[in-house]
Each structure stands twice: as structure tokens, then as C-alpha cells.
Amino acid sequence: MLSRFMSGSIRNLEREYNCTVRLLDDTEYTCTIQRDAKGQYLFDLICHNLNLLEKDYFGIRYVDPDKQRHWLEFTKSIAKQMKSQPPFTMCLRVKFYPPDPAALKEEITRYLVFLQIKRDLYHGRLLCKTSDAAMLAAYILQAEIGDYDPGKHPEGYSSKFQFFPKQSEKLERRIADIHKTEMIGQTPETSERNFLQKAQMLETYGVDPHPCKDVSGNPAFLAFTPFGFVVLQGNKRVHFLKWNEVTKLKFEGKTFHIYANQKEDKKIILTYFAPTPEACKHLWKCGVENQAFYKLEKSSQVRTVSSSNLFFRGSRFRYSGRVAKEVMERSAKIKRLALCPAEVAHLSPMGLGSAVYHAHVGELCTYLSWRDWSRCGTVLTPHLCAPCPMGSPSCLAVAVRPLKRRLSLMKPTAPLTASFQPRWPTTALSFPSHGKSTVLLAALKRRRSRKREPHSRRKGGILVRKVNL
């Protein structure tokens, strides 16, 4: 008790805190926040870093010193929610699974949901038959390494990837057979979309299990999906209630109640017991948020709910975000800046180096292609740019830095050698080569000048010097 009081006192003296957020690709985003910063501020920073617009499906999760998980509330101060001493560590996760993930408008959103479901599969949250498991793993394999190549992929190559908590040699051989025969020609984007379509049909899609016990003392897992409330015992789904059937969620101490009306006005009450009161409250809040998100037509219909039958007793909570229907309507209106014809498809899904994309001058950093940001990494600096190597006066070339995972290279329709002479000193930057793919870049550091050319409105730039393919 004294240590918590002292840690709280220390936090009150600090004006800034360091935050580290683990992203879905296992990279980390580090930033500094003010003492009174709210959760929405940190979430917006992360979404801007990922160039993510369909952000209502995601949330920030943290774990308190008692190992209890929580979702960061965006309307409240971050420092007041965290019970640990800074620096704070959190993670970005899918909070509301899309009902139809393959139909998401933006590829960056589909890719992040793909990473989340891939994580669910690895941690055993996405349960499925052996045949379905092999197909899902083959889609992941195709997205990661591309088409099967006997020269690059020796016998047993699928065993180098860990898809499930436990996987046998027989399953690995089945995965390799599907990858060799049924995945030929699929691009990473197509493989990921097919993976999402397959995962969506499984009963445990979107399940984030909460451990509980039923009235008989048998262990069970409670979860909320895009389609309703689920109870799992062992590897079987024993209860499923659609969202329009659930009428009320409430808890008291460790006891959690679900009230529902089924067909022919049949009323049922399900009762379960959470490990701790804090876990039960977290379960209740997750249920309230999921019910509001998937069931309501408009966010204006959201009301403050109480955990007890008497409104003035117990906990009160109100979901503060958009609902699913509003999110889909908003996504339909998203318009990214169209890229010029210089952008073309992948050359090699395993290539290492730097990719060059083109975007119109006014919106360089906001409207980069999703593969620049999420797969290739962050831009060298937010405003590094150069005149288009293709000679288009309305375009800029942008170089991006590779991550640990694969990097998609752009195959140019014309040689990517700049035809103009730079007016600023250049500093050569080289990146690791892989096979025959080598990209050498030169960073342009612009001298300060009052006069600015139309094609160089931002500081610095990237000039592609040489591309060996």
C-alpha cells in the first residue's frame, strides 16, 4: 500500500512520462506524453504513425501490477488509469473485430486485423479443425514467403514457422503440401484476404476469452464476438446468444449475470463467477462496449449503464466511441490520394532494401501507400522527398526504411535513375542487399533558402541513385 502511495506521489511530481506501445507486428512505438494527456491523444499518435484511418476497431491494452488486463479509456487521463510506475508499457490490439474483415476498405486495416488473427491462432484463441488450421497456416506461409521455390525452400521449410501453440510434423507436411499446390500465384494481399475470409467463418473468430467458472464450478471461458455472446468449455461452444437477444449485463463482486430473451419470449439468465472482482468488472465493461458497438444503430443511442438493478448502486459505465454501422459508413467515405502510374506491384516478397513510392506534393506524409508505413517501416524522416524520377512534376519519390520482416520492393516501369542534377549536397545511404536486389539511396539535405521550388516544398529529400534488379 505504501509503495503504491509513493509511486503515485512520484508520478504527481513528473510533468512528462515515457510510453512504449507494442504494435501488432511486434515492433515498438515510443513517445513522451504530458502528465494530463488522455488516452485519445496517445491513440491518435499511434494511428498517425501507422497511417491508419479505420481506427475504431482498435484499442490500447495494458496490464496492471496484479496481472489484470484493461482497455485504456480514451476519455480519461492515462496517468490516472495506470497503476504502475512510469515508463508505461501498453500494446495495440484489435478491440472490436470487424464482422466481415475481408470487406474492410483499406488494406492497412485488413493487414492489422490479419496480424491480430494470426496472433490469436498462435496463442490458441482461434480454435479450428486440423484441415482448417492447415489452410490458414498455408495462407500465412504464402503471405510471408510467396510461391514455393525448390531452390529456396528445402524439405521441412514450413517447420521454421510457428503457427500454433503445438504443431506436429504431420501438420507441417500438410501445410507445405497446400502451399505448394493451392497457393501458387497469390500475392500477399490476396493471401491475407483469403485468410480473413476463412477465419471469419470459424465459431471462435473474434474471441477474447475471459476465464470464469459456472454455477457447478466447471471452468469456462466467456467471450464477446461481432455476432454475440459466447461461452466456451474445453474446445466446444456451449452457449451462443445473439446481440439482439441480450437484454442486460450486470455484475456484483465476482458474480456476472447475462439476461437474454430468446425465441417465443423465453427468458434466460446465465451466471458465472470470475476469479476476482476486478476481473468481473473488466468482463462487464467489455460486454457493455461490445453490445453497444455491434447492436446499436447510432452512437447517440448509447446510454450510461449500471452494474446493479438499482442505478444508484454499483458501477456505472458508458461506451464513448462510434458504433459498427457508423464506422462502416465512415469508411465508405475515405478517399486516399491516388498514386501516379509510376507505382507498380511487388518484385519479391522476400526482398530487402528500400521501396520507392510516389505521391502528389501537397499530401506527402499523410497519403503514403499502406505498404510504405506498415510493411516497409517508417519514413527516414517525415519530410524526406525528391522530384519524381519518372519526370512527373506533380510527384515526389519517398524512400522508406526496412523492418525485420519482409519488405516489398517496387518494380519500376522505367529505370529509376533521376534525370536531374541535385542542387543540394548528397549523403549516400546503403541498405542490406538480398540476392540480386540492391537499392542505393542518397539523402538530399537542402540548404536553407528563402526561395523554394514548387517541387521541393518540404525539407530534405530522397533521390534514387541506382537500382539493380
# chains A, B, ... in the order shown; residues from 1 in each chain; ligands from 1
$ closest_atom_pairs --of "range 301-335 of chain A" --to "range 46-60 of chain A" --cutoff "10 Å" --atoms "only C-alpha atoms" --output "JSON lines"
{"residue": "A:Gly321", "atom": "CA", "partner": "A:Asp56", "partner_atom": "CA", "distance": 7.6}
{"residue": "A:Arg322", "atom": "CA", "partner": "A:Asp56", "partner_atom": "CA", "distance": 7.1}
{"residue": "A:Val323", "atom": "CA", "partner": "A:Asp56", "partner_atom": "CA", "distance": 8.6}
{"residue": "A:Ala324", "atom": "CA", "partner": "A:Asp56", "partner_atom": "CA", "distance": 8.5}
{"residue": "A:Glu326", "atom": "CA", "partner": "A:Asp56", "partner_atom": "CA", "distance": 9.8}
{"residue": "A:Val327", "atom": "CA", "partner": "A:Asp56", "partner_atom": "CA", "distance": 6.8}
{"residue": "A:Met328", "atom": "CA", "partner": "A:Glu54", "partner_atom": "CA", "distance": 8.8}
{"residue": "A:Arg330", "atom": "CA", "partner": "A:Glu54", "partner_atom": "CA", "distance": 8.4}
{"residue": "A:Ser331", "atom": "CA", "partner": "A:Glu54", "partner_atom": "CA", "distance": 6.4}
{"residue": "A:Ile334", "atom": "CA", "partner": "A:Leu53", "partner_atom": "CA", "distance": 8.1}
$ write_last_selection --atoms "N, CA and C atoms" --output "short mmCIF file (atom, residue, chain, number, x, y, z; two decimals), in the first residue's frame"
data_model
loop_
_atom_site.label_atom_id
_atom_site.label_comp_id
_atom_site.auth_asym_id
_atom_site.auth_seq_id
_atom_site.Cartn_x
_atom_site.Cartn_y
_atom_site.Cartn_z
N GLY A 321 -17.38 5.53 -27.89
CA GLY A 321 -16.95 5.56 -29.29
C GLY A 321 -18.09 5.47 -30.28
N ARG A 322 -17.72 5.26 -31.56
CA ARG A 322 -18.71 5.06 -32.62
C ARG A 322 -19.20 3.61 -32.60
N VAL A 323 -20.34 3.38 -33.20
CA VAL A 323 -20.86 2.02 -33.33
C VAL A 323 -20.48 1.46 -34.69
N ALA A 324 -20.67 0.15 -34.86
CA ALA A 324 -20.18 -0.54 -36.07
C ALA A 324 -20.79 0.04 -37.35
N GLU A 326 -21.86 3.07 -37.95
CA GLU A 326 -21.25 4.37 -38.23
C GLU A 326 -19.83 4.21 -38.74
N VAL A 327 -19.10 3.25 -38.20
CA VAL A 327 -17.72 3.02 -38.64
C VAL A 327 -17.69 2.60 -40.11
N MET A 328 -18.59 1.71 -40.50
CA MET A 328 -18.63 1.26 -41.90
C MET A 328 -19.06 2.38 -42.83
N ARG A 330 -18.54 5.55 -42.30
CA ARG A 330 -17.40 6.47 -42.34
C ARG A 330 -16.29 5.93 -43.23
N SER A 331 -16.05 4.62 -43.18
CA SER A 331 -15.02 4.00 -44.00
C SER A 331 -15.33 4.14 -45.49
N ILE A 334 -13.91 7.28 -47.06
CA ILE A 334 -12.47 7.53 -47.07
C ILE A 334 -11.98 7.62 -48.51
#
$ residues_around --residues "His179 in chain A" --least-positions-apart "4" --cutoff "9 Å" --atoms "only C-alpha atoms" --output "ChimeraX atom specification"
/A:135,137-139,141-142,147-148,174-175,183-184
$ write_last_selection --atoms "N, CA, C and O atoms" --output "compact mmCIF listing (two decimals), in the first residue's frame"
# COMPACT_ATOMS: atom_id res chain seq x y z
N MET A 135 -5.04 -24.99 -43.73
CA MET A 135 -5.33 -24.00 -44.76
C MET A 135 -4.95 -22.60 -44.30
O MET A 135 -4.34 -21.82 -45.05
N ALA A 137 -2.71 -21.75 -42.04
CA ALA A 137 -1.25 -21.66 -41.97
C ALA A 137 -0.64 -21.53 -43.36
O ALA A 137 0.36 -20.83 -43.55
N ALA A 138 -1.23 -22.20 -44.35
CA ALA A 138 -0.72 -22.10 -45.73
C ALA A 138 -0.90 -20.69 -46.27
O ALA A 138 -0.03 -20.18 -46.99
N TYR A 139 -2.02 -20.04 -45.93
CA TYR A 139 -2.21 -18.65 -46.33
C TYR A 139 -1.15 -17.75 -45.70
O TYR A 139 -0.61 -16.84 -46.36
N LEU A 141 1.83 -18.67 -44.75
CA LEU A 141 3.10 -19.01 -45.41
C LEU A 141 3.22 -18.33 -46.77
O LEU A 141 4.27 -17.78 -47.11
N GLN A 142 2.14 -18.33 -47.53
CA GLN A 142 2.15 -17.69 -48.84
C GLN A 142 2.35 -16.18 -48.71
O GLN A 142 3.08 -15.56 -49.50
N ASP A 147 5.45 -17.70 -53.51
CA ASP A 147 5.29 -19.02 -54.13
C ASP A 147 6.42 -19.97 -53.72
O ASP A 147 7.54 -19.54 -53.42
N TYR A 148 6.08 -21.23 -53.73
CA TYR A 148 7.08 -22.26 -53.40
C TYR A 148 8.15 -22.30 -54.47
O TYR A 148 7.88 -22.32 -55.68
N ARG A 174 1.38 -31.23 -44.15
CA ARG A 174 0.11 -30.87 -44.79
C ARG A 174 0.10 -29.40 -45.18
O ARG A 174 -0.36 -29.04 -46.27
N ILE A 175 0.64 -28.55 -44.33
CA ILE A 175 0.72 -27.11 -44.63
C ILE A 175 1.59 -26.89 -45.87
O ILE A 175 1.23 -26.11 -46.77
N MET A 183 -1.58 -22.52 -53.49
CA MET A 183 -1.33 -21.11 -53.25
C MET A 183 -0.54 -20.43 -54.36
O MET A 183 -0.17 -19.26 -54.23
N ILE A 184 -0.29 -21.13 -55.43
CA ILE A 184 0.57 -20.60 -56.49
C ILE A 184 -0.04 -19.33 -57.09
O ILE A 184 -1.21 -19.30 -57.46
$ closest_atom_pairs --of "range 31-102 of chain A" --to "range 270-293 of chain A" --cutoff "12 Å" --atoms "only C-alpha atoms" --output "tab-separated table"
residue	atom	partner	partner_atom	distance
A:Asp56	CA	A:Phe293	CA	9.9
A:Tyr57	CA	A:Phe293	CA	9.7
A:Gly59	CA	A:Cys286	CA	11.8
A:Arg61	CA	A:His282	CA	11.9
A:Val63	CA	A:Ala279	CA	11.6
A:Asp64	CA	A:Glu278	CA	10.7
A:Asp66	CA	A:Glu278	CA	9.6
A:Lys67	CA	A:Ala279	CA	9.9
A:Gln68	CA	A:Ala279	CA	6.7
A:Arg69	CA	A:His282	CA	7.8
A:His70	CA	A:His282	CA	6.8
A:Trp71	CA	A:Cys286	CA	8.5
A:Leu72	CA	A:His282	CA	11.4
A:Glu73	CA	A:Lys285	CA	10.9
A:Lys95	CA	A:Asn290	CA	8.8
A:Phe96	CA	A:Asn290	CA	7.1
A:Tyr97	CA	A:Asn290	CA	9.7
A:Pro98	CA	A:Phe293	CA	10.6
A:Pro99	CA	A:Phe293	CA	11.3
$ write_last_selection --atoms "N, CA and C atoms" --output "PDB file, in the first residue's frame"
ATOM      1  N   ASP A  56     -11.385   2.727 -35.479  1.00  0.00           N
ATOM      2  CA  ASP A  56     -12.372   2.435 -34.439  1.00  0.00           C
ATOM      3  C   ASP A  56     -12.397   0.969 -34.032  1.00  0.00           C
ATOM      4  N   TYR A  57     -11.784   0.100 -34.829  1.00  0.00           N
ATOM      5  CA  TYR A  57     -11.747  -1.319 -34.476  1.00  0.00           C
ATOM      6  C   TYR A  57     -10.648  -1.633 -33.459  1.00  0.00           C
ATOM      7  N   GLY A  59      -7.797  -0.735 -30.145  1.00  0.00           N
ATOM      8  CA  GLY A  59      -7.706  -0.161 -28.816  1.00  0.00           C
ATOM      9  C   GLY A  59      -6.323  -0.389 -28.241  1.00  0.00           C
ATOM     10  N   ARG A  61      -4.285  -1.750 -24.944  1.00  0.00           N
ATOM     11  CA  ARG A  61      -4.450  -2.619 -23.775  1.00  0.00           C
ATOM     12  C   ARG A  61      -3.213  -2.514 -22.870  1.00  0.00           C
ATOM     13  N   VAL A  63      -1.674  -3.981 -18.743  1.00  0.00           N
ATOM     14  CA  VAL A  63      -1.821  -4.935 -17.648  1.00  0.00           C
ATOM     15  C   VAL A  63      -1.351  -4.264 -16.371  1.00  0.00           C
ATOM     16  N   ASP A  64      -2.162  -4.344 -15.314  1.00  0.00           N
ATOM     17  CA  ASP A  64      -1.790  -3.702 -14.056  1.00  0.00           C
ATOM     18  C   ASP A  64      -0.860  -4.618 -13.248  1.00  0.00           C
ATOM     19  N   ASP A  66      -1.320  -6.370 -10.764  1.00  0.00           N
ATOM     20  CA  ASP A  66      -1.985  -7.599 -10.330  1.00  0.00           C
ATOM     21  C   ASP A  66      -2.275  -8.545 -11.498  1.00  0.00           C
ATOM     22  N   LYS A  67      -1.672  -8.265 -12.664  1.00  0.00           N
ATOM     23  CA  LYS A  67      -1.820  -9.091 -13.873  1.00  0.00           C
ATOM     24  C   LYS A  67      -3.234  -9.039 -14.460  1.00  0.00           C
ATOM     25  N   GLN A  68      -3.987  -8.023 -14.121  1.00  0.00           N
ATOM     26  CA  GLN A  68      -5.323  -7.856 -14.678  1.00  0.00           C
ATOM     27  C   GLN A  68      -5.246  -6.984 -15.925  1.00  0.00           C
ATOM     28  N   ARG A  69      -5.850  -7.445 -17.014  1.00  0.00           N
ATOM     29  CA  ARG A  69      -5.839  -6.682 -18.263  1.00  0.00           C
ATOM     30  C   ARG A  69      -6.907  -5.587 -18.231  1.00  0.00           C
ATOM     31  N   HIS A  70      -6.617  -4.495 -18.935  1.00  0.00           N
ATOM     32  CA  HIS A  70      -7.559  -3.386 -19.054  1.00  0.00           C
ATOM     33  C   HIS A  70      -7.443  -2.797 -20.456  1.00  0.00           C
ATOM     34  N   TRP A  71      -8.535  -2.215 -20.930  1.00  0.00           N
ATOM     35  CA  TRP A  71      -8.506  -1.387 -22.131  1.00  0.00           C
ATOM     36  C   TRP A  71      -8.356   0.069 -21.696  1.00  0.00           C
ATOM     37  N   LEU A  72      -7.446   0.783 -22.318  1.00  0.00           N
ATOM     38  CA  LEU A  72      -7.242   2.186 -21.991  1.00  0.00           C
ATOM     39  C   LEU A  72      -8.477   2.981 -22.405  1.00  0.00           C
ATOM     40  N   GLU A  73      -9.027   3.742 -21.462  1.00  0.00           N
ATOM     41  CA  GLU A  73     -10.190   4.579 -21.770  1.00  0.00           C
ATOM     42  C   GLU A  73      -9.711   5.903 -22.353  1.00  0.00           C
ATOM     43  N   LYS A  95      -9.761  -4.383 -30.813  1.00  0.00           N
ATOM     44  CA  LYS A  95     -10.726  -4.388 -29.713  1.00  0.00           C
ATOM     45  C   LYS A  95     -12.092  -4.870 -30.179  1.00  0.00           C
ATOM     46  N   PHE A  96     -12.513  -4.405 -31.355  1.00  0.00           N
ATOM     47  CA  PHE A  96     -13.777  -4.826 -31.950  1.00  0.00           C
ATOM     48  C   PHE A  96     -13.469  -5.469 -33.304  1.00  0.00           C
ATOM     49  N   TYR A  97     -13.666  -6.771 -33.395  1.00  0.00           N
ATOM     50  CA  TYR A  97     -13.369  -7.477 -34.642  1.00  0.00           C
ATOM     51  C   TYR A  97     -14.410  -7.129 -35.695  1.00  0.00           C
ATOM     52  N   PRO A  98     -13.969  -6.780 -36.911  1.00  0.00           N
ATOM     53  CA  PRO A  98     -14.931  -6.460 -37.975  1.00  0.00           C
ATOM     54  C   PRO A  98     -15.801  -7.668 -38.306  1.00  0.00           C
ATOM     55  N   PRO A  99     -17.110  -7.472 -38.495  1.00  0.00           N
ATOM     56  CA  PRO A  99     -17.979  -8.606 -38.867  1.00  0.00           C
ATOM     57  C   PRO A  99     -17.550  -9.285 -40.157  1.00  0.00           C
TER      58      PRO A  99
END
$ select_by_dssp --residues "range 97-336 of chain A" --states "helix (DSSP H, G or I)" --output "MDAnalysis selection string"
chainID A and resid 101:103 107:122 130:145 157:160 169:182 188:200 263:265 277:295 299:301 324:332
